[in-house]
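The structure under discussion appears below in the form of structure tokens.
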Amino acid sequence: MSHDHKQLNISHESPAIWRVTFNNPPINLVDHGTLQELHDLTTAIDASEELKVVVFDSTDPDFFLAHWDITSVAPARPDGTPAPSWIDISLRLARAPVATIALIRGRARGMGSEIPLGFDMRFASLERAIFGQPEVGVGLVPGGGSMERLSQLAGRARALEIVLGAADFDAATAERYGWINRALPDAELNAFVTNLAQRLASFDKAALGAAKQTLNRRALPEAEDLQASQALFYKAFTWPGTAPRVKALVARGVGTRGELEMRFGDLLPTLTVTEQS
Amino acid sequence: MSHDHKQLNISHESPAIWRVTFNNPPINLVDHGTLQELHDLTTAIDASEELKVVVFDSTDPDFFLAHWDITSVAPARPDGTPAPSWIDISLRLARAPVATIALIRGRARGMGSEIPLGFDMRFASLERAIFGQPEVGVGLVPGGGSMERLSQLAGRARALEIVLGAADFDAATAERYGWINRALPDAELNAFVTNLAQRLASFDKAALGAAKQTLNRRALPEAEDLQASQALFYKAFTWPGTAPRVKALVARGVGTRGELEMRFGDLLPTLTVTEQS
Amino acid sequence: MSHDHKQLNISHESPAIWRVTFNNPPINLVDHGTLQELHDLTTAIDASEELKVVVFDSTDPDFFLAHWDITSVAPARPDGTPAPSWIDISLRLARAPVATIALIRGRARGMGSEIPLGFDMRFASLERAIFGQPEVGVGLVPGGGSMERLSQLAGRARALEIVLGAADFDAATAERYGWINRALPDAELNAFVTNLAQRLASFDKAALGAAKQTLNRRALPEAEDLQASQALFYKAFTWPGTAPRVKALVARGVGTRGELEMRFGDLLPTLTVTEQS
């Protein structure tokens, strides 16, 4: 995409409700550009006095957010400051006095799962949402907060199943494991989220913000844990087993609208079969 | 109600099993009188050597406990001591070497949800129980421990949905979110709880008490968190948006057996519509 | 059983996948011999460079592991070191860079539930698995980590219901409470676990180990808590109410393949009825 293309369509449905629609064809990969736009959005959220709710959805019914684009390089920044990090953005959003809601259709894998995990609530299409943390299957570890947040939401045993198994999960199982608040029939999902957003917008920002701040007291992951996981993610690219898996991903068409991206979870164990035989 | 009316019907079904039935017509509001009686009951529970189980139910199948009576004023006490607080009562009950069980039919909203959240276990009628924390919808925040306890039981995302959304939840969803242990068909609920109480009563108090004490080790909320939330609840009455909402509640018939109390969750977003238009 | 009988059948299905089958007829009781073999197995697991997954199942479709054999005495050890303890074994397994998976058919009660709770994941037969922590019903408290681990997985209210109520739970309820990852139809259980084990074995040990270590960060129980509960378990045998219950257990045929062991949960409240009347 050109530098001018915006990946986030931001619509102010009212002063109290913003809708942010991910739009990064062909499959809504997450890259440094996405993070820059999420960073800027967070600054706008913090600056707004009237905003109460932000709903995040996607233009692509097959891909909410595919996953991190492993070819993405942090752009050089004239002032020498580091590129925005999801850890900082997600902790700022978690502390913002507004409710952030993910409305999920399609695949949400890796960083594409970790971004909604950083929002306050997640509602997903029973028929069309698919969740996965495929990192371990690529020789990596999740680096965007899923280990910290799934551990809290799903408990150790289910978080280990999700992260070590690296499989795709349907929305019903994701609901049972606490990964999402609810799985709803696709035909009811939009109305449910719209209704919830309008409820929240009808309440006072002071009450919403104070309640959220209170609930944050013991419920946020530690920034140092998040940073350690992110560092481990980057370090994992140097492990001997990882390069062949990443290479196989590229050969299989990662990042394009093909079979690998549609059935990532199923295909992971076959990734290096050809290389090894 | 007269000062002599007792809101709690206490029946010693056996030395080991007490049944406490909330009875504060017309809709089982919670007020300083309720807290005084719960305080006295807790003292009796702590003093009993034979007691093993206390079951809490309600005379009113539509209202387990409606919510806090916002018109209630703490009575002057001759000795100058403060009125009993739910924080102290709930922490004493949580540490008592007996099992406390809520059998819930009808609405349990606000403090009426927070009181059973302070008990050890909660079983509810699948058809007749309704749960809500409507405080944010009235410009307040929950002050009786629900933010601390729901955060532990339901996780951050679902606790935020419950508290910020301020909606009514049916018993099946409350079970899925961990708000209650189980939702049972109404026709089976009484027998289930009676059977559980009799099981517990057949066991040794030493074992029951030691196991509960051990499970408390890492599972109780911090008293300072509970006190901070209670203080915030009282402070919220001074926020500018709150008074019009409280006034609208009164105009709509809060505390009476009418449409508002039956459908609190649904009606909350409409509370100040007339005032604003 | 003779000293030479091995309770654990250990099969190296591949260098990366070991299967450990509990085989201690007549009902798979757990005793000091089991712990010695689990201790030795853990040492072998730690020493293996190629191992990635260990699946634990049972030869007996009615008893995954019955419970602790209360007649078991720690064998004298020539070198004076203490007998292996489940606390140490379970914490070593939790930290090992391999995935441990329980495949559960039949009863898993007391220590027979606490051993799979010490593994990383648990999958159980919807029709045939039964879970219980019957200790409180025998005048004891659970001493093998279930109070610490169930408190984290199921939350305080459900952990209290499980531990104080001492009832048998079917697999569907155990799944709902987080006691197990999933309950699967019996006909699908083996294939599900085999498929998961093969997935894990196809991934890199470096990634599996690093992800597990990261997820352990805030999710392991404290060793001091586990030790305090174990000490309380042993102390409980001296409580006045406990000896008659243990005596009644023996009179009813504990440890044999009879009605008591099949219906432990249901029969617990009747244990001392004859003695008292």
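Labeling convention for the structure tokens: chains A, B, ... as they appear, residues from 1 per chain, ligands from 1 in order of appearance.
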Where in range 10-83 of chain C does DSSP assign alpha helix (DSSP H), given as number ranges by chain? C: 32-47
Generate a file of the selected residues that holds N, CA and C atoms, formatted as a compact mmCIF listing (two decimals), in the first residue's frame.
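Everything below was put into result_2.txt:
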```
# COMPACT_ATOMS: atom_id res chain seq x y z
N HIS C 32 3.23 -44.48 47.65
CA HIS C 32 4.62 -44.01 47.59
C HIS C 32 5.38 -44.62 46.41
N GLY C 33 4.97 -45.83 46.00
CA GLY C 33 5.59 -46.44 44.81
C GLY C 33 5.30 -45.63 43.56
N THR C 34 4.05 -45.17 43.43
CA THR C 34 3.69 -44.32 42.28
C THR C 34 4.56 -43.06 42.26
N LEU C 35 4.71 -42.46 43.43
CA LEU C 35 5.48 -41.21 43.49
C LEU C 35 6.95 -41.46 43.14
N GLN C 36 7.49 -42.60 43.62
CA GLN C 36 8.88 -42.91 43.28
C GLN C 36 9.04 -43.04 41.76
N GLU C 37 8.07 -43.71 41.13
CA GLU C 37 8.17 -43.87 39.66
C GLU C 37 7.97 -42.55 38.93
N LEU C 38 7.05 -41.72 39.44
CA LEU C 38 6.86 -40.40 38.82
C LEU C 38 8.11 -39.53 39.00
N HIS C 39 8.72 -39.66 40.17
CA HIS C 39 9.98 -38.94 40.41
C HIS C 39 11.06 -39.37 39.39
N ASP C 40 11.20 -40.68 39.22
CA ASP C 40 12.22 -41.17 38.28
C ASP C 40 11.88 -40.75 36.85
N LEU C 41 10.60 -40.81 36.51
CA LEU C 41 10.17 -40.38 35.18
C LEU C 41 10.52 -38.91 34.96
N THR C 42 10.29 -38.09 35.98
CA THR C 42 10.57 -36.65 35.85
C THR C 42 12.05 -36.41 35.61
N THR C 43 12.88 -37.19 36.28
CA THR C 43 14.32 -37.07 36.05
C THR C 43 14.66 -37.44 34.60
N ALA C 44 14.01 -38.48 34.09
CA ALA C 44 14.24 -38.87 32.70
C ALA C 44 13.73 -37.79 31.74
N ILE C 45 12.59 -37.19 32.07
CA ILE C 45 12.04 -36.12 31.23
C ILE C 45 13.01 -34.94 31.18
N ASP C 46 13.53 -34.58 32.36
CA ASP C 46 14.46 -33.45 32.39
C ASP C 46 15.74 -33.75 31.62
N ALA C 47 16.11 -35.03 31.57
CA ALA C 47 17.39 -35.39 30.92
C ALA C 47 17.27 -35.53 29.41
```
With a cut-off of 7 Å and counting only C-alpha atoms, select all residues of chain B in contact with chain A and give the selection as a VMD selection string. chain B and resid 136 to 137 139 to 141 147 151 155 to 158 160 to 161 164 to 165 241 269
Chain B fitted onto chain A, all C-alpha pairs in order, as a compact mmCIF listing (two decimals) with C-alpha atoms, in the first residue's frame:
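So selection.txt came out as:
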```
# COMPACT_ATOMS: atom_id res chain seq x y z
CA MET B 1 0.09 -0.03 0.08
CA SER B 2 1.16 3.53 -0.50
CA HIS B 3 2.31 5.62 2.42
CA ASP B 4 -0.82 7.72 2.09
CA HIS B 5 -3.19 4.80 2.43
CA LYS B 6 -4.77 4.75 5.83
CA GLN B 7 -5.22 1.26 7.31
CA LEU B 8 -7.70 2.53 9.88
CA ASN B 9 -10.98 4.02 8.67
CA ILE B 10 -12.09 6.16 11.57
CA SER B 11 -15.69 7.25 11.67
CA HIS B 12 -17.09 9.51 14.39
CA GLU B 13 -20.60 8.08 14.56
CA SER B 14 -21.29 10.60 17.32
CA PRO B 15 -19.08 12.59 19.67
CA ALA B 16 -19.33 9.66 22.08
CA ILE B 17 -18.94 6.73 19.65
CA TRP B 18 -16.09 6.20 17.22
CA ARG B 19 -15.87 3.26 14.84
CA VAL B 20 -12.46 2.12 13.66
CA THR B 21 -12.44 -0.27 10.71
CA PHE B 22 -9.27 -2.17 9.85
CA ASN B 23 -8.67 -1.95 6.11
CA ASN B 24 -5.27 -3.18 4.97
CA PRO B 25 -5.81 -5.41 1.91
CA PRO B 26 -5.34 -8.06 0.89
CA ILE B 27 -5.75 -9.77 4.30
CA ASN B 28 -5.39 -7.11 6.99
CA LEU B 29 -1.83 -7.85 8.01
CA VAL B 30 -0.54 -5.85 10.98
CA ASP B 31 2.67 -3.90 10.41
CA HIS B 32 4.54 -0.86 11.71
CA GLY B 33 2.10 1.31 9.77
CA THR B 34 -0.82 -0.20 11.68
CA LEU B 35 0.93 0.49 14.96
CA GLN B 36 1.67 4.10 13.98
CA GLU B 37 -2.01 4.64 13.18
CA LEU B 38 -3.13 2.92 16.40
CA HIS B 39 -0.67 5.11 18.30
CA ASP B 40 -2.10 8.27 16.73
CA LEU B 41 -5.65 7.04 17.36
CA THR B 42 -4.80 6.44 21.02
CA THR B 43 -3.54 9.99 21.33
CA ALA B 44 -6.81 11.25 19.83
CA ILE B 45 -8.79 8.99 22.21
CA ASP B 46 -6.90 10.37 25.20
CA ALA B 47 -7.51 13.95 23.97
CA SER B 48 -11.26 13.63 23.43
CA GLU B 49 -13.46 14.83 26.25
CA GLU B 50 -16.69 13.48 24.82
CA LEU B 51 -15.64 10.06 23.59
CA LYS B 52 -17.00 7.09 25.55
CA VAL B 53 -16.80 4.05 23.24
CA VAL B 54 -14.59 2.88 20.39
CA VAL B 55 -15.74 -0.08 18.29
CA PHE B 56 -13.10 -1.86 16.19
CA ASP B 57 -14.20 -3.95 13.22
CA SER B 58 -12.86 -4.94 9.82
CA THR B 59 -13.69 -4.45 6.16
CA ASP B 60 -12.80 -8.06 5.40
CA PRO B 61 -15.24 -10.72 6.65
CA ASP B 62 -12.53 -13.40 6.32
CA PHE B 63 -9.77 -11.53 8.13
CA PHE B 64 -10.34 -9.36 11.18
CA LEU B 65 -6.56 -8.98 11.38
CA ALA B 66 -4.45 -11.73 9.80
CA HIS B 67 -1.24 -11.50 11.90
CA TRP B 68 2.03 -9.58 12.09
CA ASP B 69 3.70 -8.94 8.73
CA ILE B 70 7.09 -10.54 9.31
CA THR B 71 8.54 -8.49 6.46
CA SER B 72 7.64 -5.18 8.11
CA VAL B 73 10.57 -2.97 9.08
CA ALA B 74 10.22 -0.12 11.52
CA PRO B 75 10.49 3.10 9.51
CA ALA B 76 13.36 5.44 10.25
CA ARG B 77 12.03 8.33 12.30
CA PRO B 78 13.59 11.74 11.77
CA ASP B 79 13.61 12.55 15.48
CA GLY B 80 15.28 9.28 16.45
CA THR B 81 12.45 8.20 18.75
CA PRO B 82 11.52 4.52 18.64
CA ALA B 83 8.57 3.38 16.55
CA PRO B 84 5.32 3.02 18.49
CA SER B 85 5.06 -0.32 20.29
CA TRP B 86 1.87 -2.31 20.83
CA ILE B 87 2.82 -2.74 24.49
CA ASP B 88 2.66 1.00 25.09
CA ILE B 89 -0.44 1.47 22.94
CA SER B 90 -2.32 -1.41 24.60
CA LEU B 91 -1.52 -0.21 28.12
CA ARG B 92 -2.59 3.34 27.23
CA LEU B 93 -5.86 2.01 25.78
CA ALA B 94 -6.41 -0.17 28.85
CA ARG B 95 -6.13 2.94 31.04
CA ALA B 96 -8.14 5.29 28.81
CA PRO B 97 -11.50 6.33 30.31
CA VAL B 98 -13.41 4.92 27.33
CA ALA B 99 -14.60 1.42 26.50
CA THR B 100 -12.85 -0.30 23.59
CA ILE B 101 -14.80 -3.11 21.91
CA ALA B 102 -13.70 -5.55 19.20
CA LEU B 103 -16.38 -6.82 16.79
CA ILE B 104 -14.67 -9.82 15.22
CA ARG B 105 -15.47 -11.57 11.95
CA GLY B 106 -12.92 -13.75 10.20
CA ARG B 107 -9.45 -14.72 11.28
CA ALA B 108 -7.70 -13.13 14.24
CA ARG B 109 -4.33 -14.82 14.59
CA GLY B 110 -1.06 -13.93 16.29
CA MET B 111 -0.83 -10.15 16.61
CA GLY B 112 -4.30 -10.13 15.04
CA SER B 113 -5.55 -11.85 18.19
CA GLU B 114 -3.30 -9.84 20.48
CA ILE B 115 -4.68 -6.51 19.33
CA PRO B 116 -8.27 -7.34 20.34
CA LEU B 117 -6.89 -8.95 23.54
CA GLY B 118 -5.61 -5.47 24.36
CA PHE B 119 -9.11 -4.00 24.04
CA ASP B 120 -11.63 -4.05 26.87
CA MET B 121 -14.20 -6.45 25.38
CA ARG B 122 -14.43 -8.87 22.46
CA PHE B 123 -17.57 -10.08 20.66
CA ALA B 124 -17.25 -12.48 17.74
CA SER B 125 -19.24 -14.13 15.00
CA LEU B 126 -20.12 -17.68 15.96
CA GLU B 127 -19.90 -18.80 12.33
CA ARG B 128 -17.10 -16.63 10.94
CA ALA B 129 -14.56 -15.83 13.63
CA ILE B 130 -11.40 -17.93 13.99
CA PHE B 131 -8.72 -17.41 16.61
CA GLY B 132 -5.15 -18.58 16.81
CA GLN B 133 -1.73 -17.93 18.29
CA PRO B 134 0.37 -19.74 15.65
CA GLU B 135 3.76 -18.37 16.78
CA VAL B 136 5.11 -21.55 18.40
CA GLY B 137 4.31 -23.43 15.18
CA VAL B 138 6.65 -21.06 13.34
CA GLY B 139 9.44 -21.46 15.89
CA LEU B 140 8.55 -18.19 17.64
CA VAL B 141 6.65 -17.22 20.79
CA PRO B 142 3.76 -14.74 21.00
CA GLY B 143 5.17 -11.29 21.71
CA GLY B 144 2.17 -8.99 21.79
CA GLY B 145 0.65 -9.76 25.18
CA SER B 146 -1.39 -12.88 24.52
CA MET B 147 0.57 -15.00 26.96
CA GLU B 148 -0.04 -12.50 29.75
CA ARG B 149 -3.68 -11.81 28.87
CA LEU B 150 -4.77 -15.36 27.98
CA SER B 151 -3.16 -16.63 31.15
CA GLN B 152 -5.43 -14.28 33.13
CA LEU B 153 -8.57 -14.92 31.06
CA ALA B 154 -8.33 -18.64 30.28
CA GLY B 155 -6.13 -19.99 33.07
CA ARG B 156 -2.76 -21.73 32.73
CA ALA B 157 -3.97 -25.03 31.22
CA ARG B 158 -6.02 -23.51 28.42
CA ALA B 159 -3.43 -20.81 27.73
CA LEU B 160 -0.84 -23.57 27.33
CA GLU B 161 -3.17 -25.47 24.98
CA ILE B 162 -3.67 -22.32 22.88
CA VAL B 163 -0.05 -21.18 22.78
CA LEU B 164 1.82 -24.51 22.60
CA GLY B 165 -0.76 -26.17 20.32
CA ALA B 166 -0.87 -23.15 17.98
CA ALA B 167 -4.14 -24.43 16.50
CA ASP B 168 -7.11 -22.52 15.12
CA PHE B 169 -10.03 -22.17 17.54
CA ASP B 170 -13.64 -21.58 16.57
CA ALA B 171 -15.59 -18.84 18.31
CA ALA B 172 -17.62 -21.19 20.52
CA THR B 173 -14.43 -22.63 22.02
CA ALA B 174 -12.88 -19.17 22.28
CA GLU B 175 -15.91 -18.09 24.32
CA ARG B 176 -15.67 -21.15 26.56
CA TYR B 177 -11.99 -20.40 27.18
CA GLY B 178 -12.62 -16.70 27.98
CA TRP B 179 -10.61 -15.54 24.93
CA ILE B 180 -13.69 -13.51 23.93
CA ASN B 181 -16.64 -12.23 25.97
CA ARG B 182 -19.23 -13.90 23.75
CA ALA B 183 -19.70 -15.66 20.45
CA LEU B 184 -22.92 -14.46 18.83
CA PRO B 185 -24.79 -15.66 15.74
CA ASP B 186 -23.40 -13.67 12.83
CA ALA B 187 -26.82 -12.21 12.06
CA GLU B 188 -27.08 -10.76 15.59
CA LEU B 189 -23.51 -9.60 16.11
CA ASN B 190 -23.70 -6.10 14.63
CA ALA B 191 -26.92 -5.22 16.45
CA PHE B 192 -25.57 -6.53 19.75
CA VAL B 193 -22.43 -4.42 19.57
CA THR B 194 -24.30 -1.33 18.33
CA ASN B 195 -26.76 -1.66 21.18
CA LEU B 196 -23.96 -2.04 23.73
CA ALA B 197 -22.11 0.97 22.31
CA GLN B 198 -25.25 3.09 22.48
CA ARG B 199 -25.92 1.99 26.07
CA LEU B 200 -22.40 2.98 27.07
CA ALA B 201 -22.72 6.29 25.22
CA SER B 202 -25.89 7.09 27.16
CA PHE B 203 -24.00 6.86 30.47
CA ASP B 204 -21.72 9.46 32.10
CA LYS B 205 -18.05 9.45 31.18
CA ALA B 206 -17.13 10.09 34.81
CA ALA B 207 -18.81 6.87 35.92
CA LEU B 208 -17.50 4.80 32.99
CA GLY B 209 -13.96 6.05 33.53
CA ALA B 210 -13.94 5.60 37.30
CA ALA B 211 -15.37 2.08 37.09
CA LYS B 212 -12.86 1.04 34.44
CA GLN B 213 -9.98 2.52 36.43
CA THR B 214 -11.11 0.59 39.51
CA LEU B 215 -11.43 -2.68 37.60
CA ASN B 216 -7.90 -2.13 36.26
CA ARG B 217 -6.47 -2.16 39.77
CA ARG B 218 -5.44 -5.83 39.87
CA ALA B 219 -6.32 -6.89 36.33
CA LEU B 220 -3.66 -5.39 34.05
CA PRO B 221 -0.59 -7.37 33.06
CA GLU B 222 2.77 -6.03 34.18
CA ALA B 223 4.55 -3.86 31.60
CA GLU B 224 7.82 -5.67 32.36
CA ASP B 225 6.19 -9.04 31.56
CA LEU B 226 4.89 -7.69 28.25
CA GLN B 227 8.32 -6.28 27.39
CA ALA B 228 10.05 -9.56 28.24
CA SER B 229 7.69 -11.47 25.94
CA GLN B 230 8.18 -8.98 23.12
CA ALA B 231 11.96 -9.25 23.48
CA LEU B 232 11.68 -13.04 23.40
CA PHE B 233 9.60 -12.83 20.21
CA TYR B 234 12.37 -10.89 18.44
CA LYS B 235 15.09 -13.13 19.87
CA ALA B 236 13.25 -16.24 18.62
CA PHE B 237 14.01 -15.27 15.01
CA THR B 238 17.63 -16.20 15.73
CA TRP B 239 16.89 -19.70 17.02
CA PRO B 240 18.20 -22.37 14.63
CA GLY B 241 14.84 -24.00 13.94
CA THR B 242 13.03 -20.80 13.15
CA ALA B 243 14.51 -19.68 9.84
CA PRO B 244 13.46 -22.82 7.91
CA ARG B 245 9.92 -22.42 9.21
CA VAL B 246 9.76 -18.75 8.27
CA LYS B 247 11.19 -19.61 4.86
CA ALA B 248 8.55 -22.30 4.40
CA LEU B 249 5.85 -19.81 5.35
CA VAL B 250 7.00 -17.51 2.58
CA ALA B 251 7.15 -20.38 0.08
CA ARG B 252 3.59 -21.36 1.03
CA GLY B 253 2.25 -17.86 0.38
CA VAL B 254 2.11 -16.21 3.78
CA GLY B 255 0.49 -12.80 3.61
CA THR B 256 -1.48 -13.61 0.48
CA ARG B 257 -5.11 -14.58 0.20
CA GLY B 258 -4.51 -18.28 -0.22
CA GLU B 259 -4.85 -21.65 1.41
CA LEU B 260 -2.14 -21.11 4.02
CA GLU B 261 -3.81 -18.01 5.43
CA MET B 262 -7.25 -19.59 5.33
CA ARG B 263 -6.12 -22.76 7.15
CA PHE B 264 -3.03 -21.64 9.05
CA GLY B 265 -3.75 -23.74 12.12
CA ASP B 266 -4.27 -26.96 10.21
CA LEU B 267 -1.25 -26.49 7.98
CA LEU B 268 1.32 -25.52 10.61
CA PRO B 269 2.48 -29.09 11.37
CA THR B 270 3.14 -29.68 7.66
CA LEU B 271 5.23 -26.55 7.24
CA THR B 272 8.66 -28.13 7.14
CA VAL B 273 7.68 -31.58 5.97
CA THR B 274 8.98 -31.05 2.44
CA GLU B 275 12.19 -29.49 3.69
CA GLN B 276 12.91 -32.42 5.99
CA SER B 277 12.08 -35.27 3.61
```
From a DSSP calculation on the backbone, collect every residue of range 87-137 of chain B in strand (DSSP E) and output the set as a ChimeraX atom specification. /B:99-109,121-132
